[in-house]
Amino acid sequence: MMLYFLYMVVLIHVVIAMTSILSSSYLLVKPSKKLFRLNYILIGLTFASGTYLVLSTHSALLPACIAGLTYLCVVAAAIVIAHRRLLARERTK
């Protein structure tokens, strides 16, 4: 039973992370304040589920941190670029 639960948490974690990356990509194309909020929530959920997985499985912290930092760098770069595009669009109005 516990193994099934762990697999479900891993699946949810991957789905949330992939949704976050796709949402960040869409944010680059069409920036909006609602999408920014959605991205922040997805980032928080990804890190919360990742932290739970590391703590519950007693897995190595270094590979998890490297993967998490890589994910954060990609998503943060997309958010920063989208934020700049949104500001530039609002200034031209």
# chains A, B, ... in the order shown; residues from 1 in each chain; ligands from 1

call {"tool": "residues_around", "arguments": {"residues": "stretch 58-73 of chain A", "least_positions_apart": "2", "cutoff": "10 Å", "atoms": "only C-alpha atoms", "output": "list of chain:residue names"}}
result
A:Ala17, A:Met18, A:Ser20, A:Ile21, A:Ile43, A:Thr46, A:Phe47, A:Gly50, A:Thr51, A:Tyr52, A:Leu53, A:Val54, A:Leu55, A:Ser56, A:Val75, A:Ala76, A:Ala77, A:Ala78, A:Ile79
